[in-house]
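Some notes on the structure that comes next.
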Amino acid sequence: MPDHLIASEPRFVAAPHALLECEGFRIGWPYGGYPAALDAAAATLLDCFSDPLSPTELAEDLIIAIGLDSDEAHRSVGLFAAGMVATGHLLPEGLSPMPTSLLSYPPAASP
């Protein structure tokens, strides 16, 4: 990928969220977002965004760590990041989640 595209790529950070940790999966409720059930792989990917990170940086790590080919790694991370941004689990660097005082948070329990 050309250097000028990498330099301008958005960076993301994991949003604060409430967690229910169970063996093999995690349910997260991000502030201002939607709850999501994450399997162990997705929870691990989300944890990688604890510090601001670009999808390209994470894809390069996956290529080295688990031997994915470049196209598969970039596609997988791009789709994951897009989904997590849409649900509020990832925030563009420099933005903050909605204040909890404006939310009915955490969500009410199911009957």
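Residue numbering restarts at 1 in every chain; chains get A, B, ... in the order shown in the structure tokens, and ligands count up from 1 in that same order.
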
List the spatial neighbours of Glu23 of chain A as a PyMOL selection string - criterion: any atom at most 12 Å away, only C-alpha atoms, same-chain residues fewer than 4 positions off excluded. chain A and resi 27+38-40+43

Which of A:Ala36, A:Ala73, A:Leu79, A:Leu20 sits closest to Glu60 of chain A [using only C-alpha atoms]: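 Residue with the minimum atom-to-atom distance to Glu60 of chain A: A:Ala73.
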
Between A:Leu45, A:Ala37, A:Ile64, A:Ala18, single out the one closest to Phe80 of chain A, counting only C-alpha atoms.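 Counting only C-alpha atoms, the residue closest to Phe80 of chain A is A:Leu45.
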
Skipping near chain neighbours, those fewer than 2 positions away, what residues fall within 9 Å of segment 9-14 of chain A using only C-alpha atoms, listed as a PyMOL selection string? chain A and resi 4-7+16-17+46-56+81+84-85+88-94

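Residues of segment 38-107 of chain A assigned to strand (DSSP E) by DSSP on this structure's backbone: Leu38, Asp39, Leu90, Leu91 and Pro92 of chain A.
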
Taking the DSSP secondary structure from the backbone, can you list the residues of segment 19-101 of chain A that are alpha helix (DSSP H), as number ranges by chain? A: 40-48, 55-66, 70-87

Any idea what the distance is between atom CA of Ala41 of chain A and atom CA of Ala82 of chain A?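 Separating atom CA of Ala41 of chain A from atom CA of Ala82 of chain A is a distance of 16.0 Å.
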
Find the residues around Ala59 of chain A up to 10 Å (only C-alpha atoms counted), leave out those fewer than 3 positions away in its own chain, and share them as a list in words. Ser54, Pro55, Thr56, Leu62, Ile63, Ile64, Ala65, Leu68, Asp69, Ser70, Asp71, Glu72, Ala73, His74, Arg75, Ser76, Val77 and Gly78 of chain A

Quick one: distance from atom CA of Ala86 of chain A to atom CA of Gly33 of chain A in Å, one decimal? 8.1 Å

Work out how far atom CA of Ala15 of chain A is from atom CA of Ser96 of chain A, in Å to one decimal. 7.9 Å

For Thr44 of chain A, which residue out of A:Arg26, A:Glu57, A:Tyr31, A:Gly67 is the nearest one, using only C-alpha atoms? A:Arg26
